[in-house]
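Here is the structure we will look at, set down as structure tokens.
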Amino acid sequence: MARRHLEPKLLNIRLLRSACNLALLLLAAPAVFAAGPHETFGPVRAIYDGSLSPEVEVNTFRHIDQLFPSRVVPHGPAFPLSKSSKLSGNFSFSSGGSTITLNRYLDLNRVVGALILKNGVVALEEYRLGNTDGTRWASWSLVKSISSTLLGAAIKDGYVKSLDDPVTRYLPELSHSAYEGVSIRHLIQMTSGIGWNEAYTDPHSDRRHMLDLQLEQRPGAILNFMRSLPRAAPPGTAWNYSTGETHVLGALLRAAIKRPLADYLSEKIWTKFGMEQDATWWLESPGGLEVGGSGLSATLRDYARFGLFVINGGKAQGEQIVPSGWFPNAGTPKPIGGRLFPYGYMWWSFGAYSAPIHSGAFEAVGIFGQFIYINPAHNTVIVILSARQRPTGSTVINDSDFFAAATAALDK
């Protein structure tokens, strides 16, 4: 037993040392960095530029925890996933006026892993491009939905009193900045009113500046940057997607729960719900704060288990981890400035013009084609992990069309 408790700490140390050294090399690398035989990693900036070759991109996403110092999220005894007959290989669906087969969808969208749960049972599990059931894969912005789930847990545990608490109550260092008057609710709905440019491929955007600060590995640098940003609109009146806001949420949670987010994720979900592999999570600096909006890496099956945790209302081992009704609210469109936005508490929802089968559904979404689709009405969870060419704009087949068709097919 003693060895089990020591192993995550030893692994953390190894990850921190190797990731620090590799990150410095990758920052300066003109093209790629060879970490060993058949292991070639791309520079971090090239990932966001969308300029990596397909082979290098896939290998980089498999080893994303080696690009920055990372903290381990220890797992517990695995919750078994039972299997039924797979979704038929003859399955096809309509998208963009064409009939698309399952294999064509997976190939054209460069899907490396697909897993569908129907009534808690695996109906489809596919791996491509060298991935296996033991491969950890980068989540990118999909982790935003996991961070907001940790907020729900912190509210249930009493560490955070209310979504309407001011952000500065937990992060007084943001006092006398544009965050004055911003509530936690504004933060998780992306309505703080703080000016932000999320453009991934623009080297001068706020998102890329945040990446540059992460490469510098200076404690508190990203939060200091967020403090310096101007107000673009009154809080609650305008929606603007911002990875910086999720980093602020991570800092707020760390201040409230008094321990690392990776430890809290392990305690509340990863061990209690029975993930079968450790996950890893990028850090802002060695031994420092998790990057709340990116950098979690986990296996396809464990992302699916997280989806199962969500669709079951946030219960693990009979314990309610988040407040009752948290997920239906978190996945519901919110009125902002007189308009209804398809975004809840860092979960994407579906608009009025979506396929009717998506009614009440919501999803975690990451750049390069990462999805956890939750459809409570049809008791369906779909996880797609991909290696698309660019952060956005390189999807060939509409993923929502696949989700709708697969959900309908499994209802029959």
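Letters for chains follow the order of the structure tokens (A, B, ...), residue numbers begin at 1 for each chain, and ligand numbers begin at 1 in the order shown.
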**Report entry** Nearby residues (only C-alpha atoms) at most 9 Å from Ala279 in chain A, same-chain spacing under 5 positions excluded, as number ranges by chain
**Finding:** A: 71-75, 136, 262, 266, 270, 296-299, 302
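Atom pair CA of Tyr343 in chain A / CA of His204 in chain A: separated by 26.4 Å.
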Please identify every residue of range 81-187 of chain A that has at least one atom no farther than 7 Å from an atom of range 390-400 of chain A, counting only C-alpha atoms, and for each give the shortest atom pair and the distance in Å to one decimal, arranged by chain then increasing number, as CSV.
```
residue,atom,partner,partner_atom,distance
A:Ser95,CA,A:Asn398,CA,6.7
A:Tyr105,CA,A:Ile397,CA,6.3
A:Leu108,CA,A:Val396,CA,6.2
A:Asn109,CA,A:Val396,CA,5.8
```
Requested in this report: Using DSSP on the backbone, list every residue of range 158-216 of chain A that comes out as helix (DSSP H, G or I), and give them as a PyMOL selection string.
Outcome: chain A and resi 167-170+172-174+184-188+206-216
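Checking A:Tyr48, A:Phe309, A:Trp137, A:Trp281 one by one against Asn379 in chain A, counting only C-alpha atoms, you find the shortest gap at A:Phe309.
Coordinates place CA of Val322 in chain A at a distance of 7.4 Å from CA of Ile155 in chain A.
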Find the residues near range 86-94 of chain A: any atom within 12 Å, counting only C-alpha atoms, skip ones fewer than 2 places away on the same chain, and give them as a PDB file with C-alpha atoms, in the first residue's frame.
```pdb
ATOM      1  CA  SER A  82     -19.500  -3.753 -20.696  1.00  0.00           C
ATOM      2  CA  LYS A  83     -19.902  -4.185 -24.450  1.00  0.00           C
ATOM      3  CA  SER A  84     -22.773  -5.022 -26.741  1.00  0.00           C
ATOM      4  CA  GLY A  96     -23.873  17.958 -46.508  1.00  0.00           C
ATOM      5  CA  GLY A  97     -26.059  16.261 -49.092  1.00  0.00           C
ATOM      6  CA  SER A  98     -23.863  13.142 -49.254  1.00  0.00           C
ATOM      7  CA  THR A  99     -24.108   9.666 -47.783  1.00  0.00           C
ATOM      8  CA  ILE A 100     -21.170   9.076 -45.433  1.00  0.00           C
ATOM      9  CA  THR A 101     -20.100   5.670 -44.150  1.00  0.00           C
ATOM     10  CA  LEU A 102     -18.670   5.199 -40.670  1.00  0.00           C
ATOM     11  CA  ASN A 103     -15.192   4.473 -42.048  1.00  0.00           C
ATOM     12  CA  ARG A 104     -15.278   7.525 -44.297  1.00  0.00           C
ATOM     13  CA  TYR A 105     -16.264   9.758 -41.377  1.00  0.00           C
ATOM     14  CA  LEU A 106     -13.426   8.390 -39.227  1.00  0.00           C
ATOM     15  CA  ALA A 114     -14.341   6.813 -31.177  1.00  0.00           C
ATOM     16  CA  LEU A 115     -16.403   5.343 -28.339  1.00  0.00           C
ATOM     17  CA  ILE A 116     -20.190   5.303 -27.982  1.00  0.00           C
ATOM     18  CA  LEU A 117     -22.075   4.342 -24.827  1.00  0.00           C
ATOM     19  CA  LYS A 118     -25.759   3.498 -25.110  1.00  0.00           C
ATOM     20  CA  VAL A 121     -22.930  -0.143 -22.553  1.00  0.00           C
ATOM     21  CA  VAL A 122     -20.206   0.243 -25.203  1.00  0.00           C
ATOM     22  CA  ALA A 123     -21.817   0.127 -28.653  1.00  0.00           C
ATOM     23  CA  LEU A 124     -18.746   1.237 -30.619  1.00  0.00           C
ATOM     24  CA  GLU A 125     -15.043   1.409 -29.788  1.00  0.00           C
ATOM     25  CA  GLU A 126     -12.615   2.170 -32.616  1.00  0.00           C
ATOM     26  CA  ILE A 397     -17.652  15.869 -42.103  1.00  0.00           C
ATOM     27  CA  ASN A 398     -19.994  17.610 -39.669  1.00  0.00           C
ATOM     28  CA  ASP A 399     -19.577  15.827 -36.334  1.00  0.00           C
ATOM     29  CA  SER A 400     -23.053  16.800 -35.147  1.00  0.00           C
ATOM     30  CA  ASP A 401     -24.553  14.947 -38.120  1.00  0.00           C
ATOM     31  CA  PHE A 402     -22.679  11.825 -37.031  1.00  0.00           C
ATOM     32  CA  PHE A 403     -23.815  12.246 -33.415  1.00  0.00           C
ATOM     33  CA  ALA A 404     -27.439  12.619 -34.493  1.00  0.00           C
ATOM     34  CA  ALA A 405     -27.383   9.628 -36.820  1.00  0.00           C
ATOM     35  CA  ALA A 406     -25.552   7.338 -34.395  1.00  0.00           C
ATOM     36  CA  THR A 407     -27.916   8.289 -31.568  1.00  0.00           C
ATOM     37  CA  ALA A 408     -30.937   7.549 -33.766  1.00  0.00           C
ATOM     38  CA  ALA A 409     -29.496   4.268 -35.030  1.00  0.00           C
ATOM     39  CA  LEU A 410     -28.911   3.005 -31.483  1.00  0.00           C
ATOM     40  CA  ASP A 411     -32.505   3.799 -30.533  1.00  0.00           C
ATOM     41  CA  LYS A 412     -33.771   1.164 -32.964  1.00  0.00           C
TER      42      LYS A 412
END
```
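Within 7 Å of Ser145 in chain A, once only C-alpha atoms are used and residues closer than 5 positions along the same chain are dropped, the contacting residues are Met346, Trp347 and Ala364 of chain A.
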Using the selection just defined, write its residues with N, CA and C atoms as a PDB file, in the first residue's frame.
```
ATOM      1  N   MET A 346     -19.413  26.445 -19.449  1.00  0.00           N
ATOM      2  CA  MET A 346     -18.271  25.859 -20.146  1.00  0.00           C
ATOM      3  C   MET A 346     -18.612  24.511 -20.793  1.00  0.00           C
ATOM      4  N   TRP A 347     -19.862  24.334 -21.133  1.00  0.00           N
ATOM      5  CA  TRP A 347     -20.350  23.250 -21.994  1.00  0.00           C
ATOM      6  C   TRP A 347     -21.085  23.903 -23.168  1.00  0.00           C
ATOM      7  N   ALA A 364     -18.784  18.742 -24.532  1.00  0.00           N
ATOM      8  CA  ALA A 364     -17.470  19.330 -24.307  1.00  0.00           C
ATOM      9  C   ALA A 364     -16.741  19.278 -25.635  1.00  0.00           C
TER      10      ALA A 364
END
```
